[in-house]
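Asker: Contents of run29.json (JSON, C-alpha atoms) are below:
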```json
[["chain", "number", "residue", "atom", "x", "y", "z"],
["A", 1, "MET", "CA", -62.35, -0.11, 46.89],
["A", 2, "ALA", "CA", -59.51, -1.92, 45.13],
["A", 3, "ASP", "CA", -57.61, -4.70, 46.86],
["A", 4, "GLU", "CA", -54.14, -3.72, 48.05],
["A", 5, "TYR", "CA", -51.10, -5.93, 48.02],
["A", 6, "GLN", "CA", -47.62, -5.24, 49.31],
["A", 7, "GLY", "CA", -44.51, -6.71, 47.74],
["A", 8, "LYS", "CA", -40.78, -6.34, 47.67],
["A", 9, "THR", "CA", -38.52, -6.21, 44.62],
["A", 10, "PHE", "CA", -35.66, -8.68, 44.31],
["A", 11, "LYS", "CA", -32.78, -9.32, 41.95],
["A", 12, "SER", "CA", -33.25, -12.02, 39.32],
["A", 13, "GLY", "CA", -30.24, -12.32, 37.02],
["A", 14, "ASN", "CA", -29.59, -8.83, 35.65],
["A", 15, "SER", "CA", -33.20, -7.75, 36.28],
["A", 16, "VAL", "CA", -35.21, -6.46, 39.18],
["A", 17, "ALA", "CA", -38.32, -8.57, 39.72],
["A", 18, "LEU", "CA", -41.60, -8.22, 41.59],
["A", 19, "ARG", "CA", -43.86, -11.17, 42.39],
["A", 20, "LEU", "CA", -47.54, -10.69, 41.69],
["A", 21, "PRO", "CA", -49.73, -12.28, 44.38],
["A", 22, "LYS", "CA", -52.02, -15.12, 43.29],
["A", 23, "GLY", "CA", -54.94, -13.17, 44.76],
["A", 24, "MET", "CA", -54.66, -10.67, 41.91],
["A", 25, "GLY", "CA", -56.04, -13.35, 39.59],
["A", 26, "ILE", "CA", -53.33, -13.14, 36.91],
["A", 27, "PRO", "CA", -53.09, -16.53, 35.15],
["A", 28, "GLU", "CA", -49.75, -18.31, 35.02],
["A", 29, "GLY", "CA", -47.83, -18.26, 31.74],
["A", 30, "ILE", "CA", -49.61, -15.28, 30.18],
["A", 31, "GLU", "CA", -47.45, -12.88, 28.18],
["A", 32, "VAL", "CA", -47.79, -9.27, 29.33],
["A", 33, "ARG", "CA", -46.64, -5.84, 28.21],
["A", 34, "MET", "CA", -45.43, -3.40, 30.88],
["A", 35, "VAL", "CA", -45.89, 0.29, 30.19],
["A", 36, "MET", "CA", -44.12, 2.85, 32.37],
["A", 37, "GLU", "CA", -46.54, 5.73, 32.86],
["A", 38, "SER", "CA", -44.39, 7.73, 35.29],
["A", 39, "ALA", "CA", -41.73, 7.08, 37.93],
["A", 40, "MET", "CA", -42.78, 3.92, 39.83],
["A", 41, "THR", "CA", -46.17, 3.84, 38.07],
["A", 42, "PHE", "CA", -46.68, 1.00, 35.59],
["A", 43, "ARG", "CA", -49.54, -0.48, 33.63],
["A", 44, "VAL", "CA", -49.51, -4.21, 32.93],
["A", 45, "GLU", "CA", -51.66, -5.48, 30.07],
["A", 46, "PRO", "CA", -51.94, -8.82, 28.28],
["A", 47, "VAL", "CA", -50.29, -9.28, 24.90],
["A", 48, "GLU", "CA", -52.53, -10.95, 22.36],
["A", 49, "ALA", "CA", -50.49, -13.85, 21.04],
["A", 50, "PRO", "CA", -50.71, -14.57, 17.32],
["A", 51, "ARG", "CA", -52.58, -17.74, 16.46],
["A", 52, "ARG", "CA", -50.19, -20.63, 16.24],
["A", 53, "LYS", "CA", -49.85, -22.38, 12.93],
["A", 54, "ILE", "CA", -48.80, -25.98, 12.51],
["A", 55, "ASP", "CA", -46.42, -26.74, 9.67],
["A", 56, "ILE", "CA", -47.56, -30.05, 8.21],
["A", 57, "SER", "CA", -45.28, -29.93, 5.18],
["A", 58, "GLY", "CA", -42.90, -32.42, 6.84],
["A", 59, "PHE", "CA", -45.66, -35.04, 7.18],
["A", 60, "TRP", "CA", -45.94, -35.69, 3.44],
["A", 61, "GLY", "CA", -44.50, -39.09, 2.58],
["A", 62, "LYS", "CA", -44.20, -40.29, 6.19],
["A", 63, "ALA", "CA", -46.84, -42.97, 5.60],
["A", 64, "PRO", "CA", -46.62, -43.89, 1.90],
["A", 65, "TRP", "CA", -48.83, -46.96, 2.45],
["A", 66, "LEU", "CA", -51.70, -44.80, 3.66],
["A", 67, "GLU", "CA", -54.41, -44.17, 1.10],
["A", 68, "VAL", "CA", -57.16, -41.72, 1.86],
["A", 69, "PRO", "CA", -60.51, -43.25, 0.95],
["A", 70, "PRO", "CA", -62.56, -41.19, -1.50],
["A", 71, "ARG", "CA", -65.38, -39.21, -0.01],
["A", 72, "GLU", "CA", -68.72, -39.76, -1.62],
["A", 73, "ASP", "CA", -69.92, -36.32, -0.60],
["A", 74, "PHE", "CA", -66.97, -34.56, -2.24],
["A", 75, "GLU", "CA", -66.74, -33.58, -5.88],
["A", 76, "GLU", "CA", -63.26, -33.53, -7.34],
["A", 77, "ARG", "CA", -61.94, -30.32, -8.83],
["A", 78, "PRO", "CA", -61.97, -30.18, -12.63],
["A", 79, "SER", "CA", -58.20, -29.55, -12.55],
["A", 80, "THR", "CA", -57.67, -32.81, -10.63],
["A", 81, "ILE", "CA", -59.80, -34.76, -13.08],
["A", 82, "ALA", "CA", -57.91, -33.24, -16.05],
["A", 83, "ARG", "CA", -54.51, -33.98, -14.48],
["A", 84, "ARG", "CA", -55.48, -37.59, -13.85],
["A", 85, "ALA", "CA", -56.64, -37.93, -17.49],
["A", 86, "ARG", "CA", -53.32, -36.47, -18.76],
["A", 87, "GLU", "CA", -51.36, -38.88, -16.56],
["A", 88, "ALA", "CA", -53.43, -41.82, -17.85],
["A", 89, "ARG", "CA", -52.61, -40.80, -21.43],
["A", 90, "GLY", "CA", -48.93, -40.50, -20.48],
["A", 91, "GLU", "CA", -48.72, -36.77, -21.20],
["A", 92, "GLU", "CA", -47.05, -35.81, -17.94]]
```
Rewrite the coordinates I just gave you, this time as structure tokens.
Answerer:
Amino acid sequence: MADEYQGKTFKSGNSVALRLPKGMGIPEGIEVRMVMESAMTFRVEPVEAPRRKIDISGFWGKAPWLEVPPREDFEERPSTIARRAREARGEE
């Protein structure tokens, strides 16, 4: 048998709200979608949030004194080697 909870709607701004009891096990801060199935019958389901991406483009140049040490286990790309050779010859 499913647990039963009783609540009362209340006004919150221009909305009508309903508190969900902690005993229902719904975590705080989760984004949900509410689907009206019929009059006074709703389904509440979690919304899968897109993975957050961090924009690191603004970090470039923030620490110009920082030099990344070369990794011995990493082979440079041929394009990087060629660019460095062109720069050394003064072609770029």
Asker: Counting all atoms listed in the file, which of A:Pro21, A:Ala49, A:Ser15, A:Arg86 gets nearest to A:Arg33?
Answerer: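 With all atoms listed in the file as the atom set, the closest residue is A:Ala49.
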Asker: What is the distance, in Å and to one decimal place, between atom CA of A:Arg43 and atom CA of A:Met24?
Answerer: 14.1 Å
Asker: Atom CA of A:Met34 to atom CA of A:Pro46: how many Å, to one decimal?
Answerer: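 Straight-line distance from atom CA of A:Met34 to atom CA of A:Pro46 works out to 8.9 Å.
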Asker: List the spatial neighbours of A:Val44 as a VMD selection string - criterion: any atom at most 12 Å away, only C-alpha atoms, same-chain residues fewer than 5 positions off excluded.
Answerer: chain A and resid 20 26 30 to 37
Asker: Put those residues in a file: C-alpha atoms, as a PDB file, keeping the file's coordinate frame.
Answerer:
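Below is the file again-v8.pdb, written as the result:
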```
ATOM      1  CA  LEU A  20     -47.540 -10.690  41.690  1.00  0.00           C
ATOM      2  CA  ILE A  26     -53.330 -13.140  36.910  1.00  0.00           C
ATOM      3  CA  ILE A  30     -49.610 -15.280  30.180  1.00  0.00           C
ATOM      4  CA  GLU A  31     -47.450 -12.880  28.180  1.00  0.00           C
ATOM      5  CA  VAL A  32     -47.790  -9.270  29.330  1.00  0.00           C
ATOM      6  CA  ARG A  33     -46.640  -5.840  28.210  1.00  0.00           C
ATOM      7  CA  MET A  34     -45.430  -3.400  30.880  1.00  0.00           C
ATOM      8  CA  VAL A  35     -45.890   0.290  30.190  1.00  0.00           C
ATOM      9  CA  MET A  36     -44.120   2.850  32.370  1.00  0.00           C
ATOM     10  CA  GLU A  37     -46.540   5.730  32.860  1.00  0.00           C
TER      11      GLU A  37
END
```
Asker: Which value, in Å to one decimal, gives the distance between atom CA of A:Ala63 and atom CA of A:Glu87?
Answerer: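 Between these atoms lies a distance of 23.0 Å.
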Asker: So which one's closest to A:Gly29, A:Lys8, A:Val47, A:Ile54, A:Gly13? Using all atoms listed in the file, please.
Answerer: A:Val47
Asker: Could you check which of A:Gly61, A:Val68, A:Tyr5, A:Arg83 is closest to A:Lys22, using all atoms listed in the file?
Answerer: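 Looking at the shortest contact to A:Lys22, the residue is A:Tyr5.
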